[in-house]
Structures are given as C-alpha cells and as structure tokens.
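Asker: File final.cif below, mmCIF, C-alpha atoms:
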```cif
data_structure
#
loop_
_atom_site.label_atom_id
_atom_site.label_comp_id
_atom_site.auth_asym_id
_atom_site.auth_seq_id
_atom_site.Cartn_x
_atom_site.Cartn_y
_atom_site.Cartn_z
CA MET A 905 0.00 0.00 0.00
CA THR A 906 1.36 3.39 -0.85
CA ALA A 907 2.31 5.53 2.05
CA THR A 908 -0.13 8.38 1.74
CA PHE A 909 -3.17 6.21 1.19
CA ARG A 910 -2.76 3.69 3.99
CA GLU A 911 -4.45 5.65 6.74
CA PRO A 912 -7.52 6.84 4.81
CA VAL A 913 -8.20 3.40 3.38
CA ARG A 914 -7.97 1.93 6.88
CA ARG A 915 -10.80 4.29 7.77
CA CYS A 916 -12.87 2.94 4.93
CA LEU A 917 -12.07 -0.71 5.56
CA SER A 918 -12.70 -0.55 9.28
CA ARG A 919 -16.35 -1.19 8.50
CA PRO A 920 -17.66 -4.73 7.82
CA ALA A 921 -16.19 -6.44 4.75
CA ALA A 922 -13.37 -8.37 6.35
CA ALA A 923 -12.87 -10.68 3.42
CA LEU A 924 -12.42 -7.81 1.00
CA ALA A 925 -10.15 -6.03 3.43
CA ALA A 926 -7.93 -9.09 3.67
CA THR A 927 -7.78 -9.35 -0.10
CA LEU A 928 -6.92 -5.67 -0.34
CA ALA A 929 -4.18 -5.95 2.24
CA LEU A 930 -2.61 -8.90 0.45
CA ALA A 931 -2.80 -7.23 -2.92
CA LEU A 932 -1.44 -3.95 -1.68
CA ALA A 933 1.37 -5.60 0.18
CA LEU A 934 2.63 -6.60 -3.27
CA THR A 935 2.94 -3.25 -3.37
CA GLY A 936 -13.90 17.74 -16.42
CA CYS A 937 -15.41 16.83 -19.71
CA GLY A 938 -13.70 16.17 -22.97
CA GLY A 939 -14.27 13.78 -25.85
CA GLY A 940 -15.03 10.14 -25.18
CA THR A 941 -12.89 7.34 -26.55
CA GLY A 942 -12.26 8.13 -30.14
CA SER A 943 -13.38 11.74 -29.75
CA ALA A 944 -11.33 14.52 -31.26
CA ALA A 945 -11.74 16.68 -28.16
CA PRO A 946 -8.62 16.89 -25.98
CA PRO A 947 -8.62 15.16 -22.56
CA ALA A 948 -9.84 17.35 -19.74
CA LYS A 949 -7.43 18.05 -16.94
CA PRO A 950 -8.69 17.67 -13.36
CA ALA A 951 -9.27 20.98 -11.60
CA ALA A 952 -6.72 22.30 -9.15
CA ARG A 953 -6.47 20.13 -6.06
CA PRO A 954 -6.13 21.33 -2.46
CA ALA A 955 -2.54 21.66 -1.32
CA ALA A 956 -1.71 18.59 0.73
CA ASP A 957 1.68 19.76 1.94
CA ARG A 958 0.78 22.18 4.74
CA VAL A 959 -1.62 22.53 7.63
CA GLU A 960 -2.68 25.84 9.16
CA PRO A 961 -2.25 26.15 12.94
CA LEU A 962 -4.62 28.36 14.89
CA SER A 963 -3.48 31.97 14.96
CA GLY A 964 -1.89 33.39 18.06
CA PRO A 965 0.40 31.79 20.65
CA ALA A 966 0.40 28.02 21.09
CA PRO A 967 -2.12 26.84 23.71
CA ARG A 968 -0.93 25.85 27.19
CA PRO A 969 -2.26 22.39 28.05
CA GLU A 970 -4.26 22.10 31.26
CA LEU A 971 -3.12 18.82 32.76
CA PRO A 972 -3.63 16.19 33.98
CA ALA A 973 -6.44 15.26 31.60
CA THR A 974 -8.33 11.99 31.96
CA VAL A 975 -10.27 10.75 28.94
CA ARG A 976 -11.98 7.55 27.86
CA SER A 977 -10.02 5.95 25.04
CA ALA A 978 -12.00 4.39 22.18
CA ASP A 979 -10.60 0.98 23.15
CA GLY A 980 -12.30 1.23 26.54
CA HIS A 981 -9.38 2.38 28.69
CA ASP A 982 -9.53 5.42 30.95
CA VAL A 983 -6.29 7.24 30.21
CA THR A 984 -4.69 10.05 32.22
CA VAL A 985 -2.34 12.32 30.32
CA ARG A 986 0.06 14.17 32.63
CA LYS A 987 2.55 15.64 30.14
CA THR A 988 2.36 16.62 26.49
CA ASP A 989 5.89 17.83 25.83
CA ARG A 990 6.54 14.86 23.52
CA ILE A 991 3.53 13.80 21.45
CA VAL A 992 3.45 10.91 18.97
CA PRO A 993 0.36 10.83 16.71
CA LEU A 994 0.20 7.51 14.87
CA THR A 995 -1.97 8.56 11.92
CA GLY A 996 -1.76 11.38 9.44
CA SER A 997 -5.19 12.75 10.34
CA LEU A 998 -4.35 12.86 14.05
CA SER A 999 -1.09 14.62 13.26
CA GLU A 1000 -3.03 17.16 11.20
CA ILE A 1001 -5.30 17.97 14.15
CA VAL A 1002 -2.42 18.25 16.63
CA PHE A 1003 -0.55 20.66 14.36
CA SER A 1004 -3.72 22.64 13.64
CA LEU A 1005 -4.33 23.03 17.38
CA GLY A 1006 -0.95 24.77 17.56
CA LEU A 1007 0.91 21.90 19.24
CA GLY A 1008 3.10 20.91 16.30
CA GLY A 1009 6.24 21.96 18.17
CA ARG A 1010 5.59 19.17 20.68
CA VAL A 1011 5.29 16.38 18.09
CA VAL A 1012 8.42 14.20 18.05
CA ALA A 1013 7.53 11.54 15.45
CA ARG A 1014 5.12 10.82 12.65
CA ASP A 1015 3.30 8.01 10.97
CA ILE A 1016 4.14 7.51 7.32
CA THR A 1017 0.76 8.96 6.32
CA ALA A 1018 1.56 12.39 7.78
CA THR A 1019 2.56 13.88 4.45
CA PHE A 1020 2.25 17.60 5.12
CA GLU A 1021 5.29 19.87 5.07
CA GLN A 1022 5.56 20.69 8.78
CA ALA A 1023 5.90 17.01 9.68
CA ALA A 1024 8.25 16.02 6.88
CA LYS A 1025 11.48 16.03 8.92
CA LEU A 1026 10.12 14.08 11.88
CA PRO A 1027 11.30 10.49 12.33
CA VAL A 1028 8.90 7.88 10.97
CA VAL A 1029 7.83 5.23 13.50
CA THR A 1030 6.10 2.82 11.18
CA ARG A 1031 7.55 -0.21 9.46
CA ALA A 1032 5.79 -1.65 6.41
CA HIS A 1033 2.87 0.55 7.45
CA ASP A 1034 2.67 -0.97 10.93
CA VAL A 1035 3.70 0.75 14.13
CA SER A 1036 7.16 0.00 15.49
CA ALA A 1037 6.85 -0.14 19.28
CA GLU A 1038 10.62 0.07 19.61
CA GLY A 1039 10.74 3.14 17.39
CA VAL A 1040 8.04 4.89 19.38
CA LEU A 1041 9.51 4.05 22.79
CA SER A 1042 12.99 5.15 21.75
CA LEU A 1043 11.64 8.69 21.46
CA LYS A 1044 10.41 8.70 25.07
CA PRO A 1045 6.91 10.02 24.34
CA ASP A 1046 4.68 11.55 26.99
CA VAL A 1047 1.55 10.50 25.13
CA VAL A 1048 0.72 8.45 22.04
CA LEU A 1049 -2.38 9.13 19.95
CA ALA A 1050 -3.68 6.22 17.90
CA ASP A 1051 -6.66 5.17 15.86
CA THR A 1052 -8.73 2.04 16.53
CA THR A 1053 -7.36 0.74 13.22
CA THR A 1054 -3.73 1.38 14.23
CA GLY A 1055 -1.78 -1.84 14.46
CA PRO A 1056 -0.53 -4.33 15.09
CA ALA A 1057 -2.37 -4.59 18.41
CA GLU A 1058 0.70 -6.17 19.99
CA ALA A 1059 2.77 -3.07 19.26
CA VAL A 1060 0.15 -0.73 20.71
CA GLY A 1061 -0.06 -2.98 23.78
CA GLN A 1062 3.71 -2.97 24.17
CA ILE A 1063 3.75 0.84 24.19
CA ARG A 1064 0.99 0.94 26.80
CA ASP A 1065 2.69 -1.73 28.92
CA ALA A 1066 5.81 0.44 28.98
CA GLY A 1067 3.80 3.02 30.92
CA VAL A 1068 3.14 5.45 28.09
CA PRO A 1069 -0.43 6.85 27.98
CA VAL A 1070 -2.03 5.65 24.73
CA VAL A 1071 -5.27 7.32 23.69
CA THR A 1072 -7.14 5.76 20.78
CA PHE A 1073 -9.86 7.42 18.73
CA GLY A 1074 -12.65 6.01 16.61
CA PRO A 1075 -12.25 6.57 12.87
CA ALA A 1076 -13.85 9.59 11.25
CA LYS A 1077 -16.21 8.25 8.61
CA GLN A 1078 -18.32 11.25 7.63
CA LEU A 1079 -18.52 15.02 7.70
CA ALA A 1080 -20.42 14.93 11.01
CA ASP A 1081 -17.38 13.33 12.66
CA VAL A 1082 -15.10 16.34 12.14
CA ASP A 1083 -16.11 18.19 15.31
CA THR A 1084 -16.20 15.01 17.39
CA ARG A 1085 -12.69 14.11 16.31
CA ILE A 1086 -11.28 17.58 17.06
CA ASP A 1087 -13.02 17.60 20.45
CA ALA A 1088 -11.58 14.23 21.42
CA VAL A 1089 -7.99 15.09 20.49
CA ALA A 1090 -8.14 18.49 22.18
CA ALA A 1091 -9.53 16.93 25.37
CA ALA A 1092 -6.79 14.30 25.50
CA LEU A 1093 -4.10 16.98 25.16
CA GLY A 1094 -5.68 19.35 27.70
CA VAL A 1095 -6.44 22.11 25.20
CA ARG A 1096 -10.24 22.15 25.07
CA THR A 1097 -10.39 25.91 24.42
CA ALA A 1098 -8.14 25.54 21.39
CA GLY A 1099 -10.31 22.64 20.29
CA ASP A 1100 -13.40 24.84 20.41
CA ALA A 1101 -11.61 27.49 18.36
CA LEU A 1102 -10.49 24.94 15.77
CA LYS A 1103 -14.01 23.52 15.53
CA THR A 1104 -15.46 26.98 14.98
CA ARG A 1105 -12.91 27.81 12.30
CA THR A 1106 -13.40 24.49 10.54
CA ASP A 1107 -17.20 24.62 10.67
CA GLN A 1108 -17.28 28.18 9.35
CA ARG A 1109 -14.99 27.32 6.46
CA ILE A 1110 -16.99 24.24 5.52
CA ALA A 1111 -20.25 26.18 5.64
CA ALA A 1112 -18.78 28.92 3.45
CA VAL A 1113 -17.53 26.43 0.88
CA ARG A 1114 -20.88 24.64 0.69
CA LYS A 1115 -22.53 27.91 -0.33
CA SER A 1116 -20.53 27.77 -3.56
CA ILE A 1117 -22.38 24.67 -4.83
CA PRO A 1118 -24.11 25.60 -8.11
CA HIS A 1119 -27.87 26.04 -7.57
CA GLY A 1120 -27.30 25.07 -3.96
CA GLY A 1121 -27.09 21.44 -5.05
CA THR A 1122 -30.76 20.96 -4.19
CA GLU A 1123 -32.22 19.96 -7.54
CA ALA A 1124 -31.73 16.31 -8.44
CA ALA A 1125 -31.12 17.23 -12.06
CA ASP A 1126 -28.22 19.44 -11.02
CA ARG A 1127 -26.53 16.79 -8.87
CA PRO A 1128 -23.90 14.76 -10.72
CA ARG A 1129 -23.59 11.05 -9.97
CA VAL A 1130 -20.08 10.49 -8.60
CA ALA A 1131 -18.40 7.10 -8.28
CA PHE A 1132 -15.40 6.80 -5.95
CA LEU A 1133 -12.84 4.39 -7.38
CA TYR A 1134 -9.87 3.04 -5.46
CA LEU A 1135 -7.12 2.23 -7.92
CA ARG A 1136 -3.71 0.68 -7.50
CA GLY A 1137 -2.57 -0.31 -10.95
CA SER A 1138 0.75 -1.76 -9.81
CA ALA A 1139 -1.15 -4.29 -7.68
CA SER A 1140 -4.02 -4.74 -10.14
CA VAL A 1141 -6.48 -3.51 -7.53
CA TYR A 1142 -9.54 -1.79 -8.98
CA LEU A 1143 -12.45 -1.15 -6.61
CA ILE A 1144 -15.63 0.90 -6.59
CA GLY A 1145 -16.77 2.50 -3.35
CA GLY A 1146 -20.14 1.69 -1.87
CA ALA A 1147 -22.20 2.99 1.04
CA ARG A 1148 -19.38 2.46 3.54
CA SER A 1149 -16.43 3.72 1.50
CA GLY A 1150 -16.09 6.88 3.56
CA ALA A 1151 -16.42 9.15 0.54
CA GLY A 1152 -20.22 9.34 0.38
CA SER A 1153 -20.53 12.12 2.95
CA LEU A 1154 -18.09 14.30 1.02
CA ILE A 1155 -19.74 13.61 -2.32
CA GLU A 1156 -23.16 14.53 -0.94
CA ALA A 1157 -21.82 17.63 0.86
CA ALA A 1158 -20.33 18.75 -2.45
CA GLY A 1159 -23.73 18.54 -4.10
CA GLY A 1160 -23.28 15.17 -5.75
CA ILE A 1161 -24.91 11.74 -5.55
CA ASP A 1162 -22.81 8.78 -4.39
CA ALA A 1163 -23.28 6.61 -7.47
CA GLY A 1164 -21.94 3.45 -5.81
CA LYS A 1165 -24.28 3.76 -2.85
CA GLU A 1166 -27.22 4.78 -5.06
CA SER A 1167 -26.69 1.71 -7.25
CA GLY A 1168 -27.09 -0.59 -4.23
CA LEU A 1169 -23.50 -1.28 -3.23
CA GLU A 1170 -23.76 -1.61 0.55
CA LYS A 1171 -20.18 -2.59 1.44
CA ASP A 1172 -17.14 -0.37 1.57
CA PHE A 1173 -15.51 -1.49 -1.67
CA THR A 1174 -16.43 -3.95 -4.41
CA PRO A 1175 -14.22 -5.12 -7.30
CA ILE A 1176 -14.93 -3.13 -10.43
CA THR A 1177 -16.95 -4.93 -13.10
CA SER A 1178 -18.55 -3.62 -16.25
CA GLU A 1179 -21.93 -4.50 -14.76
CA ALA A 1180 -21.28 -2.59 -11.52
CA LEU A 1181 -20.11 0.48 -13.41
CA ALA A 1182 -23.05 0.35 -15.79
CA LYS A 1183 -25.45 0.22 -12.86
CA ALA A 1184 -23.69 3.07 -11.06
CA ALA A 1185 -23.65 5.13 -14.29
CA PRO A 1186 -21.42 7.88 -12.88
CA ASP A 1187 -21.27 11.31 -14.46
CA VAL A 1188 -17.95 11.87 -12.68
CA ILE A 1189 -15.33 9.47 -11.37
CA LEU A 1190 -13.58 10.44 -8.12
CA VAL A 1191 -10.09 9.09 -7.50
CA MET A 1192 -7.06 9.76 -5.36
CA THR A 1193 -4.16 11.32 -7.21
CA LYS A 1194 -1.74 8.46 -6.68
CA GLY A 1195 -4.39 5.98 -7.75
CA LEU A 1196 -4.91 7.89 -10.98
CA GLU A 1197 -1.17 8.04 -11.54
CA SER A 1198 -0.88 4.29 -10.93
CA VAL A 1199 -3.11 3.51 -13.92
CA GLY A 1200 -1.49 6.00 -16.26
CA GLY A 1201 -3.77 8.99 -15.78
CA VAL A 1202 -7.13 9.50 -17.47
CA ASP A 1203 -5.94 7.67 -20.60
CA GLY A 1204 -5.23 4.58 -18.50
CA LEU A 1205 -8.37 4.95 -16.41
CA VAL A 1206 -10.69 4.70 -19.41
CA LYS A 1207 -8.98 1.45 -20.41
CA ILE A 1208 -10.24 -0.29 -17.25
CA PRO A 1209 -13.10 -2.54 -18.43
CA GLY A 1210 -16.42 -0.75 -18.18
CA VAL A 1211 -15.10 2.75 -17.47
CA ALA A 1212 -15.16 4.03 -21.04
CA GLN A 1213 -18.83 3.03 -21.36
CA THR A 1214 -19.98 5.17 -18.40
CA PRO A 1215 -21.06 8.79 -18.90
CA ALA A 1216 -17.96 9.82 -16.93
CA GLY A 1217 -15.68 7.71 -19.11
CA MET A 1218 -17.21 8.91 -22.35
CA ASP A 1219 -16.83 12.53 -21.26
CA ARG A 1220 -13.53 11.94 -19.42
CA ARG A 1221 -14.88 13.69 -16.32
CA VAL A 1222 -12.48 12.79 -13.54
CA ALA A 1223 -12.09 14.46 -10.14
CA ALA A 1224 -8.77 13.85 -8.38
CA VAL A 1225 -7.96 14.75 -4.77
CA ASP A 1226 -4.68 14.18 -2.97
CA ASP A 1227 -4.39 10.95 -1.02
CA GLY A 1228 -3.28 12.68 2.16
CA VAL A 1229 -6.45 14.74 2.62
CA LEU A 1230 -9.45 13.17 0.89
CA LEU A 1231 -10.81 11.03 3.74
CA ASN A 1232 -9.22 12.69 6.75
CA TYR A 1233 -12.35 14.55 7.89
CA GLY A 1234 -10.53 17.25 9.81
CA PRO A 1235 -9.26 20.83 9.64
CA ARG A 1236 -8.62 20.69 5.89
CA THR A 1237 -11.94 19.17 4.86
CA ASP A 1238 -13.11 22.57 3.60
CA ALA A 1239 -10.28 22.52 1.03
CA VAL A 1240 -11.31 19.01 -0.04
CA LEU A 1241 -14.91 20.12 -0.47
CA ARG A 1242 -13.88 23.21 -2.43
CA SER A 1243 -11.87 21.07 -4.82
CA LEU A 1244 -14.67 18.52 -5.16
CA ILE A 1245 -17.28 21.18 -5.87
CA GLN A 1246 -15.10 22.77 -8.53
CA GLN A 1247 -14.37 19.43 -10.18
CA ILE A 1248 -17.65 17.51 -10.06
CA HIS A 1249 -19.75 20.46 -11.23
CA ALA A 1250 -17.37 21.44 -14.03
CA LYS A 1251 -18.81 20.71 -17.44
CA GLY A 1252 -15.42 20.39 -19.09
CA LYS A 1253 -13.82 22.30 -21.90
#
```
Here is a file; write its structure as structure tokens.
Answerer:
Amino acid sequence: MTATFREPVRRCLSRPAAALAATLALALALTGCGGGTGSAAPPAKPAARPAADRVEPLSGPAPRPELPATVRSADGHDVTVRKTDRIVPLTGSLSEIVFSLGLGGRVVARDITATFEQAAKLPVVTRAHDVSAEGVLSLKPDVVLADTTTGPAEAVGQIRDAGVPVVTFGPAKQLADVDTRIDAVAAALGVRTAGDALKTRTDQRIAAVRKSIPHGGTEAADRPRVAFLYLRGSASVYLIGGARSGAGSLIEAAGGIDAGKESGLEKDFTPITSEALAKAAPDVILVMTKGLESVGGVDGLVKIPGVAQTPAGMDRRVAAVDDGVLLNYGPRTDAVLRSLIQQIHAKGK
C-alpha cells in the first residue's frame, strides 16, 4: 500500500467487509469533460487540487495544556495524560489535528501517512505501514495518539505496557465526525479551548464552501452522480466505493450523488466490473491522485473494463484529490470540499 493512502483506506475498511479487506491488504502488500474514446476533443485536466503539503495552525500563541487530563479511550481504557511535551500521533489525520491546534512543536515523530510539510522532517515510527513499538519508545513520548485501526495490536499494547499513555480514537467516517474528532484530540491533550476554536474555524470554512455549490445542489437534475474508485494499478487492484467507502458524505456535501451507494452497493468497496459500473452510471469518477497516476492517468483509467462506457468515461470527467487529505475529515476538509465542488460540477472544456 502506498504511504499516503494507507491511513484513509484503513478508515474505509474498518467497516464490515473483512474478506475484501484481507484481499486488499494482500494485494497492496505486493505493493472535467472532454471527448469520449475516439473523440477529437482533448482530454480534460482535473481541476486544481487542495494543497496537501501544509496545515494551518490556529493563529496566536500556542495553547498551554491544562493537565492532567483523563479521557476515555476508544478501546475502553480510561487514560490520564500528565505531560504533552513529547507527542506521537500515529496517523496522518491525528497529526493534522495536533498541528492545527498549535501543538506541532511538541510532536516528536510521525506516521508515514503524515505527508504535510511541517511534519516532513520528523522520524517515521512505522515499518511496512505498521507501528514499530521500539521506534516509538525510543523517542520517550509523553503520550501516544492512535486510531482504533492502528496496528498491530501487539505493538500498541507494548507501548501501553511500557507506561506510556495511549489514547485511541474512533475513525472519522463522515462530515459529522469532524467536530467530534477535534473535540476528542483536544480533550486528551488538555487544550479544550483551542479545540473549540479549531471547531469553529473548521465549521465556518466548511459552511462557506458549501454555499458555492451551483444552484445550492438541491435539484436532483443538477446533482452529478459520482463514483469513488480506489485504484492501484501496480497491484491490479480496482475497486468501486459503496455505502461504507467513507467518501459518500463528502460527495453529498459537495452537491453530488454517491453513485456506488445509489446503485445498491452496501459494502465499503467492491471489485470493479462492467456491470457494476453500468449500474452506477457515474457522471464523474472520483479518485485519489496516486491511484490515478498508478493507472497512467485519465488515458489509463478509461482502459479499465467498463469505465469508457460510463457517462464519466465517455466525457472523461475525472475528479482527483490528494491521497493525504481526501478522507481525513478534519481541519482541511473545507479545502477538499472546495476542490470537489469545482471538479464535479465542471462541465469540461
């Protein structure tokens, strides 16, 4: 699995569909509108994507944590955090929240999915996309922040057994989880006031972006059908997202219709078939940038069986969003929505 996609796809695959998840893991371990096929019109280029290389901390001085803070971890433990001088977030989305809260100067390590610029020089404490307990403990952290999908469980247990407070958080699966996620991280780090400020800023930005949806996105005829495809050409993995993919909330918030969900796909991901694509009949195909690159861009995408026959394939309407931000549901979700709105409502050139 490529580095920047591991954490978001874990979010998606944390829902039921264990067999597919296992298949995905094995496979990955081996690792606008233009003319349709044959059309003389030039391929459309995806609209500008949100910058994935920086996060924006709250303005003003960094918050002073009020400690100790005792919180209920998502794995059922009551955890007391007494110091936050050395923080280790074990997912990219958690790192993004910590830095946005203004505590980036206290972060001493990163997970491989923390791709933004401010975290780039921090030591990586994952090995083959799994947490290295030895790597984490060697940095003498005061607190470790993890996700319920962070693993292996033995490594997380080893860190906890060494006496380090480990706080785990449930995965963010939809737009409504943004505030909950920020609240939980801020509480664990003793900066609830900063958490409230970050929630307010994030909510205001999301609300402002949603006002830019053409026609308000209320008329069914104005809402494009968008299919989220997970692509890893090097591993021959081609999947279409369903009701539990994690992308549906974003698609709907951007004024679109989740074509996979609407066509009856109830799981997170299903292998792409011509029949599934025909039933979904997307007007736009949503992909992650590295996935699109892995199949050779739009030219390669339309060669996947069934894609060229969809309205999206015939018109070459493809929306691409950076791997490191698409499914994070956090402080940069407004930028994701802005990009999605621009891309899925564009009629092409």
Asker: For the point (-14.3, 6.8, 0.1) in the file's frame, write as a ChimeraX atom specification all residues with an atom no more than 12 Å away, counting only C-alpha atoms.
Answerer: /A:909,911-919,1076-1079,1130-1135,1143-1156,1162-1165,1171-1174,1189-1192,1225,1227,1229-1233
Asker: What does the distance between atom CA of Ala1139 of chain A and atom CA of Gly1204 of chain A come to in Å, to one decimal place?
Answerer: 14.6 Å
Asker: Hey, can you check how far atom CA of Gly1006 of chain A sits from atom CA of Glu1021 of chain A?
Answerer: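 We find that atom CA of Gly1006 of chain A and atom CA of Glu1021 of chain A lie 14.8 Å from each other.
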Asker: Do you have the atom CA of Pro993 of chain A-atom CA of Gly964 of chain A distance handy?
Answerer: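 Atom CA of Gly964 of chain A lies at a distance of 22.7 Å from atom CA of Pro993 of chain A.
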Asker: Between A:Asp1226, A:Thr1097, A:Gly1195, A:Pro965, which one has atoms that come closest to Thr1019 of chain A, using all atoms listed in the file?
Answerer: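 The answer is A:Asp1226, which sits nearest to Thr1019 of chain A.
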Asker: Find the residues around Lys1183 of chain A up to 12 Å (only C-alpha atoms counted), leave out those fewer than 5 positions away in its own chain, and share them as a short mmCIF file (atom, residue, chain, number, x, y, z; two decimals) with C-alpha atoms, in the frame of the given file.
Answerer:
```cif
data_model
loop_
_atom_site.label_atom_id
_atom_site.label_comp_id
_atom_site.auth_asym_id
_atom_site.auth_seq_id
_atom_site.Cartn_x
_atom_site.Cartn_y
_atom_site.Cartn_z
CA ARG A 1129 -23.59 11.05 -9.97
CA ALA A 1131 -18.40 7.10 -8.28
CA ILE A 1144 -15.63 0.90 -6.59
CA ALA A 1163 -23.28 6.61 -7.47
CA GLY A 1164 -21.94 3.45 -5.81
CA LYS A 1165 -24.28 3.76 -2.85
CA GLU A 1166 -27.22 4.78 -5.06
CA SER A 1167 -26.69 1.71 -7.25
CA GLY A 1168 -27.09 -0.59 -4.23
CA LEU A 1169 -23.50 -1.28 -3.23
CA ILE A 1176 -14.93 -3.13 -10.43
CA THR A 1177 -16.95 -4.93 -13.10
CA SER A 1178 -18.55 -3.62 -16.25
CA GLY A 1210 -16.42 -0.75 -18.18
CA VAL A 1211 -15.10 2.75 -17.47
CA GLN A 1213 -18.83 3.03 -21.36
CA THR A 1214 -19.98 5.17 -18.40
CA PRO A 1215 -21.06 8.79 -18.90
#
```
Asker: Report as a PyMOL selection string all protein, DNA and RNA residues lying within 8 Å of Gly996 of chain A, evaluated on all atoms listed in the file, omitting residues in the same chain fewer than 6 positions from it.
Answerer: chain A and resi 911+1014-1019+1228
Asker: Applying the PyMOL selection byres ((chain A and resi 1083-1093) around 7) to the file I just gave you, which residues come out? Please list them as a CSV table (one decimal) with C-alpha atoms, in the frame of the given file.
Answerer:
```csv
chain,number,residue,atom,x,y,z
A,969,PRO,CA,-2.3,22.4,28.0
A,973,ALA,CA,-6.4,15.3,31.6
A,975,VAL,CA,-10.3,10.8,28.9
A,985,VAL,CA,-2.3,12.3,30.3
A,988,THR,CA,2.4,16.6,26.5
A,1001,ILE,CA,-5.3,18.0,14.2
A,1076,ALA,CA,-13.8,9.6,11.2
A,1080,ALA,CA,-20.4,14.9,11.0
A,1081,ASP,CA,-17.4,13.3,12.7
A,1082,VAL,CA,-15.1,16.3,12.1
A,1094,GLY,CA,-5.7,19.4,27.7
A,1095,VAL,CA,-6.4,22.1,25.2
A,1096,ARG,CA,-10.2,22.2,25.1
A,1099,GLY,CA,-10.3,22.6,20.3
A,1103,LYS,CA,-14.0,23.5,15.5
```
Asker: Can you tell me, as a list in words, what residues are no more than 10 Å from Val1047 of chain A when counting all atoms listed in the file, ignoring any on the same chain fewer than 4 positions away?
Answerer: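 So, after excluding close chain neighbours, the residues are Val983, Thr984, Val985, Arg986, Lys987, Thr988, Asp989, Arg990, Ile991, Val992, Pro993, Val1011, Ile1063, Arg1064, Gly1067, Val1068, Pro1069, Val1070, Val1071, Ala1092 and Leu1093 of chain A.
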Asker: Nearest residue to Lys1194 of chain A out of A:Ile1110, A:Ala1037, A:Ile1161, A:Ala1224, using all atoms listed in the file?
Answerer: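 Closest candidate: A:Ala1224.
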Asker: Any chance you could work out the residue set of the PyMOL selection byres ((chain A and resi 1240) around 8) here, as a list in words?
Answerer: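 For this structure, the PyMOL selection byres ((chain A and resi 1240) around 8) captures Arg953, Pro954, Val1225, Val1229, Leu1230, Arg1236, Thr1237, Asp1238, Ala1239, Leu1241, Arg1242, Ser1243 and Leu1244 of chain A.
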